[in-house]
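Just below is one structure, and these are the notes that go with it.
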Amino acid sequence: MELELLVALTIAAALFGVGLYGSLSQTNLVMIIMGVELILAAALINMVAFWRYLHPDVIAAQMFVLIIMAVMAVEMAVGFGIAIARFRSRGSVEMEEARELRG
Amino acid sequence: MTLQVIFLAFFGIAAVWFGVVVFRTHSMVRSALALLFSQTAIGAMFLVMQAEFLGVLQIMMMATEMSVMAIFMVMFMMDPGGMGAMDMTHQKRLSLRAGAVGLVAALAVIWLPDWGPIAATVPSAGEQIKLLGFELLGRSMFIFESAGLTILTAMVAATMVAIAPQSETANKGARDGA
């Protein structure tokens with residue numbers, strides 16, 4: 001019976017959909033970061049589910065979970081760094097106003 | 001239906017529900033807290049899937065991360081409590097469509113193939129940590145060290161981006177002095 005695996009993967013898919021919607025629809029930089037966090041969380045669930053239900057003897061899968069967690073931390077650190085710089089220079093983190101790179 | 005499926009579905013639905021709340025509430029602080037609950041529910045899912053170390057790590061890491069996020073929300077927003085019910089969205093229809101397409105595509109990939117039989121047992125929590133330690137400091141050491149270096153680089157880069165340029169600080173000082 002593979003119901004456990006399907007439940008875990010379906011939840012990951014739902015989180016991916018919600019995260020994709022959030023990261024595309026929000027105008028605030030911090031909210032966009034939240035959407036990306038949800039997408040990465042979906043990847044985490046997939047990784048743990050595949051390890052647990054298909055290959056519990058391959059411990060490298062858990063190592064990749066740690067790598068995804070590191071990516072989440074990096075994404076947040078750089079995102080907030082950009083947010084601080086933007087807030088300092090423009091007084092806002094609204095991405096609707098970020099048009100400097102537009103040609 | 002096993003107890004594991006029931007708990008997995010319960011924490012999973014909680015994670016998705018709080019994920020939806022993140023983008024539905026007007027209050028930024030509530031958004032950060034909803035994301036914290038969502039990530040905690042995901043940590044609980046890891047515990048249900050018998051990945052104890054990763055579950056605890058996820059809960060601890062996300063509790064810290066989301067607390068920092070809530071502080072940033074309060075700092076950056078003029079209306080962190082959401083009393084003004086500001087709309088901070090754009091291209092809503094396109095985003096909904098993209099989210100729905102992503103969901104349907106992922107569901108098709110999940111439900112169509114035959115995944116084969118699932119494993120009934122996993123190594124114990126202690127054994128998992130021991131194996132993970134050997135993995136991180138053995139075969140996967142290069143990848144692990146690269147992740148550490150990447151975090152260090154990101155920390156330096158984030159600090160450099162966030163620090164105000166010296167000319168800007170000097171100009172502000174001159175303005176304040178005048």
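Scheme for the structure tokens: letters A, B, ... for chains in order shown; per-chain residue numbers from 1; ligand numbers from 1 in order shown.
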Chain A contacts to chain B at 7 Å (only C-alpha atoms) as a ChimeraX atom specification: /A:1-2,4,6-11,13-18,20-22,24-28,48,52-54,56,59-60,63,67,70,74,77-78,81-82,84-85
Residue with smallest distance to Ala41 of chain A - pool B:Val48, B:Ala34, B:Ala63, B:Ala41, counting only C-alpha atoms: B:Ala41
I'd like the interatomic distance between atom CA of Phe37 of chain B and atom CA of Met69 of chain A, to a tenth of an Å.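 So the two atoms, atom CA of Phe37 of chain B and atom CA of Met69 of chain A, lie 16.8 Å apart.
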Would you list, as a PDB file with N, CA and C atoms, in the first residue's frame, the residues of segment 11-100 of chain B that end up in helix (DSSP H, G or I) under DSSP run on this structure's backbone?
```pdb
ATOM      1  N   PHE B  11      -1.599  16.626   9.892  1.00  0.00           N
ATOM      2  CA  PHE B  11      -0.566  17.676   9.925  1.00  0.00           C
ATOM      3  C   PHE B  11      -0.391  18.307   8.539  1.00  0.00           C
ATOM      4  N   GLY B  12      -0.579  17.494   7.497  1.00  0.00           N
ATOM      5  CA  GLY B  12      -0.461  18.020   6.136  1.00  0.00           C
ATOM      6  C   GLY B  12      -1.540  19.047   5.833  1.00  0.00           C
ATOM      7  N   ILE B  13      -2.784  18.727   6.204  1.00  0.00           N
ATOM      8  CA  ILE B  13      -3.885  19.671   5.972  1.00  0.00           C
ATOM      9  C   ILE B  13      -3.652  20.944   6.784  1.00  0.00           C
ATOM     10  N   ALA B  14      -3.144  20.777   8.018  1.00  0.00           N
ATOM     11  CA  ALA B  14      -2.832  21.950   8.844  1.00  0.00           C
ATOM     12  C   ALA B  14      -1.769  22.811   8.152  1.00  0.00           C
ATOM     13  N   ALA B  15      -0.737  22.153   7.597  1.00  0.00           N
ATOM     14  CA  ALA B  15       0.347  22.898   6.928  1.00  0.00           C
ATOM     15  C   ALA B  15      -0.200  23.679   5.735  1.00  0.00           C
ATOM     16  N   VAL B  16      -1.059  23.032   4.938  1.00  0.00           N
ATOM     17  CA  VAL B  16      -1.611  23.695   3.746  1.00  0.00           C
ATOM     18  C   VAL B  16      -2.561  24.824   4.173  1.00  0.00           C
ATOM     19  N   TRP B  17      -3.384  24.557   5.181  1.00  0.00           N
ATOM     20  CA  TRP B  17      -4.337  25.571   5.660  1.00  0.00           C
ATOM     21  C   TRP B  17      -3.601  26.823   6.138  1.00  0.00           C
ATOM     22  N   PHE B  18      -2.565  26.633   6.968  1.00  0.00           N
ATOM     23  CA  PHE B  18      -1.810  27.800   7.453  1.00  0.00           C
ATOM     24  C   PHE B  18      -1.060  28.472   6.299  1.00  0.00           C
ATOM     25  N   GLY B  19      -0.639  27.669   5.309  1.00  0.00           N
ATOM     26  CA  GLY B  19      -0.003  28.244   4.119  1.00  0.00           C
ATOM     27  C   GLY B  19      -0.953  29.164   3.372  1.00  0.00           C
ATOM     28  N   VAL B  20      -2.226  28.774   3.296  1.00  0.00           N
ATOM     29  CA  VAL B  20      -3.234  29.624   2.641  1.00  0.00           C
ATOM     30  C   VAL B  20      -3.486  30.883   3.476  1.00  0.00           C
ATOM     31  N   VAL B  21      -3.532  30.710   4.806  1.00  0.00           N
ATOM     32  CA  VAL B  21      -3.777  31.860   5.701  1.00  0.00           C
ATOM     33  C   VAL B  21      -2.697  32.934   5.537  1.00  0.00           C
ATOM     34  N   VAL B  22      -1.449  32.492   5.245  1.00  0.00           N
ATOM     35  CA  VAL B  22      -0.337  33.440   5.066  1.00  0.00           C
ATOM     36  C   VAL B  22      -0.715  34.533   4.071  1.00  0.00           C
ATOM     37  N   PHE B  23      -1.396  34.141   2.978  1.00  0.00           N
ATOM     38  CA  PHE B  23      -1.700  35.108   1.918  1.00  0.00           C
ATOM     39  C   PHE B  23      -3.123  35.658   1.990  1.00  0.00           C
ATOM     40  N   ARG B  24      -3.879  35.200   2.968  1.00  0.00           N
ATOM     41  CA  ARG B  24      -5.269  35.667   3.059  1.00  0.00           C
ATOM     42  C   ARG B  24      -5.470  36.757   4.105  1.00  0.00           C
ATOM     43  N   MET B  28       0.488  41.493   8.657  1.00  0.00           N
ATOM     44  CA  MET B  28       1.781  40.905   8.327  1.00  0.00           C
ATOM     45  C   MET B  28       2.288  40.011   9.447  1.00  0.00           C
ATOM     46  N   VAL B  29       2.004  40.413  10.693  1.00  0.00           N
ATOM     47  CA  VAL B  29       2.446  39.599  11.834  1.00  0.00           C
ATOM     48  C   VAL B  29       1.717  38.262  11.820  1.00  0.00           C
ATOM     49  N   ARG B  30       0.418  38.315  11.522  1.00  0.00           N
ATOM     50  CA  ARG B  30      -0.352  37.065  11.436  1.00  0.00           C
ATOM     51  C   ARG B  30       0.182  36.183  10.302  1.00  0.00           C
ATOM     52  N   SER B  31       0.583  36.816   9.203  1.00  0.00           N
ATOM     53  CA  SER B  31       1.155  36.058   8.084  1.00  0.00           C
ATOM     54  C   SER B  31       2.392  35.295   8.537  1.00  0.00           C
ATOM     55  N   ALA B  32       3.290  36.013   9.249  1.00  0.00           N
ATOM     56  CA  ALA B  32       4.527  35.370   9.715  1.00  0.00           C
ATOM     57  C   ALA B  32       4.206  34.239  10.686  1.00  0.00           C
ATOM     58  N   LEU B  33       3.228  34.457  11.562  1.00  0.00           N
ATOM     59  CA  LEU B  33       2.859  33.417  12.528  1.00  0.00           C
ATOM     60  C   LEU B  33       2.215  32.216  11.823  1.00  0.00           C
ATOM     61  N   ALA B  34       1.385  32.502  10.796  1.00  0.00           N
ATOM     62  CA  ALA B  34       0.762  31.412  10.042  1.00  0.00           C
ATOM     63  C   ALA B  34       1.828  30.572   9.345  1.00  0.00           C
ATOM     64  N   LEU B  35       2.854  31.254   8.804  1.00  0.00           N
ATOM     65  CA  LEU B  35       3.942  30.513   8.148  1.00  0.00           C
ATOM     66  C   LEU B  35       4.698  29.673   9.181  1.00  0.00           C
ATOM     67  N   LEU B  36       4.864  30.234  10.382  1.00  0.00           N
ATOM     68  CA  LEU B  36       5.521  29.477  11.460  1.00  0.00           C
ATOM     69  C   LEU B  36       4.726  28.206  11.774  1.00  0.00           C
ATOM     70  N   PHE B  37       3.395  28.335  11.883  1.00  0.00           N
ATOM     71  CA  PHE B  37       2.561  27.161  12.180  1.00  0.00           C
ATOM     72  C   PHE B  37       2.611  26.155  11.033  1.00  0.00           C
ATOM     73  N   SER B  38       2.628  26.674   9.804  1.00  0.00           N
ATOM     74  CA  SER B  38       2.696  25.796   8.641  1.00  0.00           C
ATOM     75  C   SER B  38       3.997  24.984   8.654  1.00  0.00           C
ATOM     76  N   GLN B  39       5.105  25.680   8.923  1.00  0.00           N
ATOM     77  CA  GLN B  39       6.412  24.995   8.941  1.00  0.00           C
ATOM     78  C   GLN B  39       6.498  24.028  10.116  1.00  0.00           C
ATOM     79  N   THR B  40       5.862  24.394  11.241  1.00  0.00           N
ATOM     80  CA  THR B  40       5.861  23.496  12.401  1.00  0.00           C
ATOM     81  C   THR B  40       5.072  22.223  12.078  1.00  0.00           C
ATOM     82  N   ALA B  41       3.943  22.391  11.382  1.00  0.00           N
ATOM     83  CA  ALA B  41       3.153  21.223  10.979  1.00  0.00           C
ATOM     84  C   ALA B  41       3.962  20.326  10.050  1.00  0.00           C
ATOM     85  N   ILE B  42       4.781  20.950   9.186  1.00  0.00           N
ATOM     86  CA  ILE B  42       5.649  20.157   8.302  1.00  0.00           C
ATOM     87  C   ILE B  42       6.681  19.392   9.145  1.00  0.00           C
ATOM     88  N   GLY B  43       7.216  20.053  10.171  1.00  0.00           N
ATOM     89  CA  GLY B  43       8.142  19.374  11.096  1.00  0.00           C
ATOM     90  C   GLY B  43       7.462  18.179  11.761  1.00  0.00           C
ATOM     91  N   ALA B  44       6.185  18.370  12.137  1.00  0.00           N
ATOM     92  CA  ALA B  44       5.428  17.271  12.746  1.00  0.00           C
ATOM     93  C   ALA B  44       5.239  16.129  11.738  1.00  0.00           C
ATOM     94  N   MET B  45       5.054  16.494  10.454  1.00  0.00           N
ATOM     95  CA  MET B  45       4.957  15.449   9.418  1.00  0.00           C
ATOM     96  C   MET B  45       6.244  14.626   9.345  1.00  0.00           C
ATOM     97  N   PHE B  46       7.384  15.313   9.482  1.00  0.00           N
ATOM     98  CA  PHE B  46       8.672  14.598   9.465  1.00  0.00           C
ATOM     99  C   PHE B  46       8.742  13.618  10.641  1.00  0.00           C
ATOM    100  N   LEU B  47       8.240  14.082  11.801  1.00  0.00           N
ATOM    101  CA  LEU B  47       8.245  13.203  12.979  1.00  0.00           C
ATOM    102  C   LEU B  47       7.364  11.979  12.727  1.00  0.00           C
ATOM    103  N   VAL B  48       6.197  12.211  12.089  1.00  0.00           N
ATOM    104  CA  VAL B  48       5.304  11.089  11.762  1.00  0.00           C
ATOM    105  C   VAL B  48       6.001  10.124  10.798  1.00  0.00           C
ATOM    106  N   GLU B  52      13.134  11.711  12.873  1.00  0.00           N
ATOM    107  CA  GLU B  52      13.071  12.489  14.118  1.00  0.00           C
ATOM    108  C   GLU B  52      14.012  13.684  14.113  1.00  0.00           C
ATOM    109  N   PHE B  53      15.254  13.449  13.699  1.00  0.00           N
ATOM    110  CA  PHE B  53      16.247  14.529  13.715  1.00  0.00           C
ATOM    111  C   PHE B  53      15.811  15.686  12.812  1.00  0.00           C
ATOM    112  N   LEU B  54      15.369  15.338  11.600  1.00  0.00           N
ATOM    113  CA  LEU B  54      14.959  16.385  10.653  1.00  0.00           C
ATOM    114  C   LEU B  54      13.709  17.120  11.146  1.00  0.00           C
ATOM    115  N   GLY B  55      12.797  16.390  11.792  1.00  0.00           N
ATOM    116  CA  GLY B  55      11.577  17.004  12.314  1.00  0.00           C
ATOM    117  C   GLY B  55      11.879  18.040  13.376  1.00  0.00           C
ATOM    118  N   VAL B  56      12.725  17.660  14.328  1.00  0.00           N
ATOM    119  CA  VAL B  56      13.084  18.587  15.406  1.00  0.00           C
ATOM    120  C   VAL B  56      13.857  19.776  14.838  1.00  0.00           C
ATOM    121  N   LEU B  57      14.761  19.476  13.896  1.00  0.00           N
ATOM    122  CA  LEU B  57      15.560  20.537  13.266  1.00  0.00           C
ATOM    123  C   LEU B  57      14.653  21.533  12.542  1.00  0.00           C
ATOM    124  N   GLN B  58      13.692  21.001  11.817  1.00  0.00           N
ATOM    125  CA  GLN B  58      12.753  21.846  11.060  1.00  0.00           C
ATOM    126  C   GLN B  58      11.982  22.774  12.014  1.00  0.00           C
ATOM    127  N   ILE B  59      11.465  22.215  13.099  1.00  0.00           N
ATOM    128  CA  ILE B  59      10.667  23.017  14.033  1.00  0.00           C
ATOM    129  C   ILE B  59      11.539  24.094  14.683  1.00  0.00           C
ATOM    130  N   MET B  60      12.738  23.688  15.133  1.00  0.00           N
ATOM    131  CA  MET B  60      13.620  24.664  15.804  1.00  0.00           C
ATOM    132  C   MET B  60      14.070  25.764  14.850  1.00  0.00           C
ATOM    133  N   MET B  61      14.469  25.356  13.648  1.00  0.00           N
ATOM    134  CA  MET B  61      14.994  26.320  12.682  1.00  0.00           C
ATOM    135  C   MET B  61      13.906  27.306  12.237  1.00  0.00           C
ATOM    136  N   MET B  62      12.716  26.753  11.971  1.00  0.00           N
ATOM    137  CA  MET B  62      11.646  27.607  11.463  1.00  0.00           C
ATOM    138  C   MET B  62      11.093  28.531  12.545  1.00  0.00           C
ATOM    139  N   ALA B  63      11.094  28.064  13.802  1.00  0.00           N
ATOM    140  CA  ALA B  63      10.641  28.939  14.900  1.00  0.00           C
ATOM    141  C   ALA B  63      11.509  30.182  14.947  1.00  0.00           C
ATOM    142  N   THR B  64      12.828  29.993  14.815  1.00  0.00           N
ATOM    143  CA  THR B  64      13.748  31.137  14.839  1.00  0.00           C
ATOM    144  C   THR B  64      13.555  32.003  13.601  1.00  0.00           C
ATOM    145  N   GLU B  65      13.504  31.316  12.447  1.00  0.00           N
ATOM    146  CA  GLU B  65      13.440  32.038  11.174  1.00  0.00           C
ATOM    147  C   GLU B  65      12.171  32.892  11.092  1.00  0.00           C
ATOM    148  N   MET B  66      11.059  32.320  11.512  1.00  0.00           N
ATOM    149  CA  MET B  66       9.792  33.048  11.395  1.00  0.00           C
ATOM    150  C   MET B  66       9.672  34.169  12.433  1.00  0.00           C
ATOM    151  N   SER B  67      10.328  33.984  13.589  1.00  0.00           N
ATOM    152  CA  SER B  67      10.346  35.073  14.572  1.00  0.00           C
ATOM    153  C   SER B  67      11.090  36.274  13.992  1.00  0.00           C
ATOM    154  N   VAL B  68      12.220  35.984  13.334  1.00  0.00           N
ATOM    155  CA  VAL B  68      12.988  37.058  12.689  1.00  0.00           C
ATOM    156  C   VAL B  68      12.126  37.714  11.611  1.00  0.00           C
ATOM    157  N   MET B  69      11.392  36.879  10.866  1.00  0.00           N
ATOM    158  CA  MET B  69      10.546  37.394   9.793  1.00  0.00           C
ATOM    159  C   MET B  69       9.458  38.320  10.352  1.00  0.00           C
ATOM    160  N   ALA B  70       8.880  37.926  11.491  1.00  0.00           N
ATOM    161  CA  ALA B  70       7.836  38.758  12.101  1.00  0.00           C
ATOM    162  C   ALA B  70       8.410  40.110  12.507  1.00  0.00           C
ATOM    163  N   ILE B  71       9.641  40.109  13.041  1.00  0.00           N
ATOM    164  CA  ILE B  71      10.281  41.376  13.439  1.00  0.00           C
ATOM    165  C   ILE B  71      10.481  42.261  12.208  1.00  0.00           C
ATOM    166  N   PHE B  72      10.954  41.649  11.113  1.00  0.00           N
ATOM    167  CA  PHE B  72      11.162  42.413   9.880  1.00  0.00           C
ATOM    168  C   PHE B  72       9.838  42.986   9.369  1.00  0.00           C
ATOM    169  N   MET B  73       8.788  42.196   9.497  1.00  0.00           N
ATOM    170  CA  MET B  73       7.467  42.642   9.050  1.00  0.00           C
ATOM    171  C   MET B  73       7.058  43.907   9.798  1.00  0.00           C
ATOM    172  N   VAL B  74       7.234  43.881  11.112  1.00  0.00           N
ATOM    173  CA  VAL B  74       6.856  45.040  11.927  1.00  0.00           C
ATOM    174  C   VAL B  74       7.715  46.244  11.545  1.00  0.00           C
ATOM    175  N   MET B  75       9.008  45.999  11.263  1.00  0.00           N
ATOM    176  CA  MET B  75       9.913  47.101  10.941  1.00  0.00           C
ATOM    177  C   MET B  75       9.584  47.744   9.602  1.00  0.00           C
ATOM    178  N   PHE B  76       9.254  46.891   8.611  1.00  0.00           N
ATOM    179  CA  PHE B  76       9.111  47.391   7.244  1.00  0.00           C
ATOM    180  C   PHE B  76       7.723  47.915   6.910  1.00  0.00           C
ATOM    181  N   LYS B  92      -3.478  38.934  -9.750  1.00  0.00           N
ATOM    182  CA  LYS B  92      -4.053  37.860  -8.934  1.00  0.00           C
ATOM    183  C   LYS B  92      -4.539  36.678  -9.783  1.00  0.00           C
ATOM    184  N   ARG B  93      -5.211  37.004 -10.895  1.00  0.00           N
ATOM    185  CA  ARG B  93      -5.785  35.937 -11.724  1.00  0.00           C
ATOM    186  C   ARG B  93      -4.682  35.066 -12.331  1.00  0.00           C
ATOM    187  N   LEU B  94      -3.639  35.745 -12.838  1.00  0.00           N
ATOM    188  CA  LEU B  94      -2.506  35.028 -13.433  1.00  0.00           C
ATOM    189  C   LEU B  94      -1.838  34.134 -12.381  1.00  0.00           C
ATOM    190  N   SER B  95      -1.675  34.682 -11.170  1.00  0.00           N
ATOM    191  CA  SER B  95      -1.027  33.909 -10.099  1.00  0.00           C
ATOM    192  C   SER B  95      -1.858  32.698  -9.726  1.00  0.00           C
ATOM    193  N   LEU B  96      -3.187  32.899  -9.662  1.00  0.00           N
ATOM    194  CA  LEU B  96      -4.082  31.777  -9.339  1.00  0.00           C
ATOM    195  C   LEU B  96      -3.964  30.680 -10.386  1.00  0.00           C
ATOM    196  N   ARG B  97      -3.946  31.105 -11.649  1.00  0.00           N
ATOM    197  CA  ARG B  97      -3.841  30.137 -12.743  1.00  0.00           C
ATOM    198  C   ARG B  97      -2.510  29.389 -12.659  1.00  0.00           C
ATOM    199  N   ALA B  98      -1.421  30.147 -12.428  1.00  0.00           N
ATOM    200  CA  ALA B  98      -0.092  29.520 -12.353  1.00  0.00           C
ATOM    201  C   ALA B  98      -0.048  28.525 -11.194  1.00  0.00           C
ATOM    202  N   GLY B  99      -0.606  28.919 -10.035  1.00  0.00           N
ATOM    203  CA  GLY B  99      -0.640  28.025  -8.879  1.00  0.00           C
ATOM    204  C   GLY B  99      -1.439  26.770  -9.173  1.00  0.00           C
ATOM    205  N   ALA B 100      -2.602  26.946  -9.846  1.00  0.00           N
ATOM    206  CA  ALA B 100      -3.473  25.799 -10.156  1.00  0.00           C
ATOM    207  C   ALA B 100      -2.789  24.867 -11.154  1.00  0.00           C
TER     208      ALA B 100
END
```
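Here atom CA of Ile45 of chain A and atom CA of Ala73 of chain A stand 16.7 Å from one another.
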Here atom CA of Ala125 of chain B and atom CA of Leu149 of chain B stand apart by 28.0 Å
